[in-house]
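*Asks:* Here it is, the structure in full.
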Amino acid sequence: MTSTAAPPAPVPARRASAARRPRRKWRGWLFVAPFMLVFALTFIAPVVYAFVLSLFRDQAFFGGTVFVGADNYTQVFGDPKFWEAFRRVLVFLAVQVPIMLVLALIAALAIDSARLHAAGFFRIVIFLPYAVPAVVAALMWGFIYGDHFGLAADLNHLLGTDSVKPLSQNWLLTSIGNIVTWEFVGYNMLIFYSALKVIPKELFEAAAIDGAGAFRTIVSVKLPAIRGAIVVATIFSIIGSFQLFNEPNIMRNLVPNMIVTNYTPNMYAYNLSFNGQQYNYSAAVAIVMGVITAVIAYVVQLRGSRKEM
């Protein structure tokens, strides 16, 4: 008498797919946990706290802090002092950032070329101002700009005139832009130079075979290859321009009548909080400025990514 073994029961498809799926390993999160903890405490928590502050208002006459919802934001959008400061940094961005990036790009291309002698020396010299703290740079240039002391005063004395006035009303924003450019040209140069060094050599060989000269190689090979680095540097520069604070705040001691408390949005929020004790409204100003900065930076990144694709 023979018996046939029963065929094995089919494994459910869901159980089979679960068995084939590799188990998720959480071990990697242990390595990034210290960073995530610091990031949450130093970035996410302050932003959340500022947003919560912006939803309240301190009622001096009625006592206590009351919930006002979006009233602080409505006040910001109708605040002429905020928009005056915003227009000022917008003009600063439109003029200073292109000049700084072009100078940094020229420096990076010159150092990357084989025609510049002592390229390492020039790379260090151009990058060195970035190592100077912003407060020290503002103080140093402030004394150079002084009408009664420093280089500007010496030039006026030498020429027998008083036309050299970097801290005058017409030249003040330009003078601040010069300080920022002096500080960050080396930083952006290093970004461009690093991108230039990773361009495949085959592209240069192909361009040389096609008869491309130095200028044609720059336009057709180098600039398209470092488009991503240019977008990154542009985004960083936009964020830095909207965050302009150190230079005008330090130089305010030299020209207190020209650099007002709302000279930049960051200065406006700072003075509202620490001098005016308006913490809730100051938080709303900071949140609005942060959102505007993030939107503009995202648009620039999106356009740069589309062009690169």
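Residues are named by chain letter and number: chains run A, B, ... in the order of the structure tokens, numbers start at 1 in each chain, and ligands are numbered from 1 in the order shown.
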Any chance you could list, as a VMD selection string, the residues in segment 156-221 of chain A that come up helix (DSSP H, G or I) when DSSP is run on the backbone?

*Replies:* chain A and resid 156 to 159 172 to 197 201 to 209 214 to 221

*Asks:* Would you mind exporting N, CA and C atoms of the selected residues as a short mmCIF file (atom, residue, chain, number, x, y, z; two decimals), in the first residue's frame?

*Replies:*
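Everything below was put into selection.cif:
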```cif
data_model
loop_
_atom_site.label_atom_id
_atom_site.label_comp_id
_atom_site.auth_asym_id
_atom_site.auth_seq_id
_atom_site.Cartn_x
_atom_site.Cartn_y
_atom_site.Cartn_z
N ASN A 156 41.93 112.79 2.74
CA ASN A 156 41.36 114.14 2.70
C ASN A 156 42.42 115.19 3.03
N HIS A 157 43.26 114.88 4.00
CA HIS A 157 44.33 115.82 4.36
C HIS A 157 45.35 115.94 3.24
N LEU A 158 45.66 114.84 2.58
CA LEU A 158 46.65 114.86 1.50
C LEU A 158 46.12 115.62 0.29
N LEU A 159 44.85 115.42 -0.04
CA LEU A 159 44.25 116.06 -1.20
C LEU A 159 43.73 117.46 -0.90
N LEU A 172 27.29 104.94 2.70
CA LEU A 172 27.35 104.05 3.86
C LEU A 172 27.05 102.60 3.49
N LEU A 173 25.99 102.38 2.73
CA LEU A 173 25.65 101.01 2.35
C LEU A 173 26.73 100.40 1.45
N THR A 174 27.31 101.22 0.58
CA THR A 174 28.41 100.74 -0.26
C THR A 174 29.62 100.37 0.58
N SER A 175 29.90 101.15 1.61
CA SER A 175 31.03 100.86 2.49
C SER A 175 30.82 99.55 3.24
N ILE A 176 29.60 99.32 3.70
CA ILE A 176 29.29 98.05 4.36
C ILE A 176 29.41 96.89 3.38
N GLY A 177 28.95 97.10 2.14
CA GLY A 177 29.10 96.07 1.13
C GLY A 177 30.56 95.75 0.84
N ASN A 178 31.43 96.74 0.89
CA ASN A 178 32.85 96.50 0.69
C ASN A 178 33.42 95.62 1.79
N ILE A 179 32.98 95.84 3.04
CA ILE A 179 33.45 95.02 4.14
C ILE A 179 33.02 93.56 3.95
N VAL A 180 31.75 93.36 3.62
CA VAL A 180 31.23 92.01 3.45
C VAL A 180 31.92 91.32 2.27
N THR A 181 32.16 92.06 1.19
CA THR A 181 32.86 91.48 0.04
C THR A 181 34.27 91.08 0.42
N TRP A 182 34.96 91.95 1.14
CA TRP A 182 36.33 91.64 1.59
C TRP A 182 36.36 90.39 2.46
N GLU A 183 35.32 90.19 3.25
CA GLU A 183 35.29 89.05 4.15
C GLU A 183 35.01 87.74 3.43
N PHE A 184 34.10 87.74 2.45
CA PHE A 184 33.56 86.49 1.94
C PHE A 184 33.99 86.14 0.52
N VAL A 185 34.80 86.95 -0.12
CA VAL A 185 35.30 86.57 -1.44
C VAL A 185 36.12 85.28 -1.34
N GLY A 186 36.97 85.20 -0.33
CA GLY A 186 37.80 84.01 -0.17
C GLY A 186 36.99 82.76 0.12
N TYR A 187 35.93 82.89 0.88
CA TYR A 187 35.06 81.74 1.18
C TYR A 187 34.42 81.20 -0.09
N ASN A 188 33.85 82.08 -0.90
CA ASN A 188 33.22 81.64 -2.15
C ASN A 188 34.26 81.19 -3.16
N MET A 189 35.42 81.82 -3.15
CA MET A 189 36.50 81.36 -4.03
C MET A 189 36.86 79.91 -3.74
N LEU A 190 36.89 79.54 -2.46
CA LEU A 190 37.24 78.17 -2.10
C LEU A 190 36.17 77.18 -2.58
N ILE A 191 34.91 77.59 -2.54
CA ILE A 191 33.83 76.73 -3.06
C ILE A 191 34.01 76.51 -4.56
N PHE A 192 34.26 77.58 -5.30
CA PHE A 192 34.45 77.45 -6.76
C PHE A 192 35.72 76.67 -7.08
N TYR A 193 36.78 76.94 -6.35
CA TYR A 193 38.05 76.27 -6.62
C TYR A 193 37.94 74.77 -6.37
N SER A 194 37.24 74.38 -5.30
CA SER A 194 37.05 72.95 -5.01
C SER A 194 36.25 72.28 -6.12
N ALA A 195 35.25 72.97 -6.65
CA ALA A 195 34.47 72.40 -7.74
C ALA A 195 35.30 72.29 -9.02
N LEU A 196 36.17 73.25 -9.26
CA LEU A 196 37.01 73.20 -10.46
C LEU A 196 37.99 72.04 -10.41
N LYS A 197 38.45 71.68 -9.23
CA LYS A 197 39.47 70.63 -9.12
C LYS A 197 38.91 69.24 -9.38
N LYS A 201 39.39 65.38 -16.28
CA LYS A 201 40.41 65.86 -17.21
C LYS A 201 40.05 65.57 -18.66
N GLU A 202 39.20 64.54 -18.86
CA GLU A 202 38.82 64.19 -20.23
C GLU A 202 38.09 65.34 -20.93
N LEU A 203 37.36 66.14 -20.16
CA LEU A 203 36.64 67.26 -20.76
C LEU A 203 37.62 68.29 -21.32
N PHE A 204 38.69 68.54 -20.60
CA PHE A 204 39.69 69.49 -21.09
C PHE A 204 40.44 68.94 -22.30
N GLU A 205 40.70 67.65 -22.29
CA GLU A 205 41.37 67.04 -23.44
C GLU A 205 40.47 67.10 -24.68
N ALA A 206 39.19 66.84 -24.49
CA ALA A 206 38.26 66.91 -25.63
C ALA A 206 38.15 68.34 -26.15
N ALA A 207 38.13 69.32 -25.23
CA ALA A 207 38.06 70.71 -25.66
C ALA A 207 39.33 71.12 -26.41
N ALA A 208 40.49 70.63 -25.96
CA ALA A 208 41.74 70.96 -26.64
C ALA A 208 41.78 70.33 -28.04
N ILE A 209 41.26 69.12 -28.16
CA ILE A 209 41.22 68.46 -29.48
C ILE A 209 40.31 69.24 -30.43
N ALA A 214 41.57 79.16 -24.21
CA ALA A 214 41.38 79.28 -22.76
C ALA A 214 40.00 79.86 -22.43
N PHE A 215 39.62 80.92 -23.13
CA PHE A 215 38.32 81.54 -22.85
C PHE A 215 37.17 80.61 -23.20
N ARG A 216 37.28 79.91 -24.33
CA ARG A 216 36.23 78.99 -24.74
C ARG A 216 36.11 77.82 -23.77
N THR A 217 37.23 77.37 -23.23
CA THR A 217 37.23 76.28 -22.26
C THR A 217 36.52 76.71 -20.97
N ILE A 218 36.74 77.96 -20.58
CA ILE A 218 36.09 78.47 -19.37
C ILE A 218 34.58 78.52 -19.57
N VAL A 219 34.16 79.05 -20.72
CA VAL A 219 32.73 79.26 -20.96
C VAL A 219 32.00 77.94 -21.20
N SER A 220 32.63 77.04 -21.96
CA SER A 220 31.94 75.82 -22.39
C SER A 220 32.19 74.61 -21.50
N VAL A 221 33.24 74.63 -20.71
CA VAL A 221 33.58 73.46 -19.89
C VAL A 221 33.51 73.78 -18.39
#
```

*Asks:* Give the strand (DSSP E) residues of segment 36-248 of chain A, as DSSP finds them on the backbone, and put them as a list in words.

*Replies:*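 Taking segment 36-248 of chain A and keeping strand (DSSP E) gives Phe56, Arg57, Asp58, Thr65, Val66 and Phe67 of chain A.
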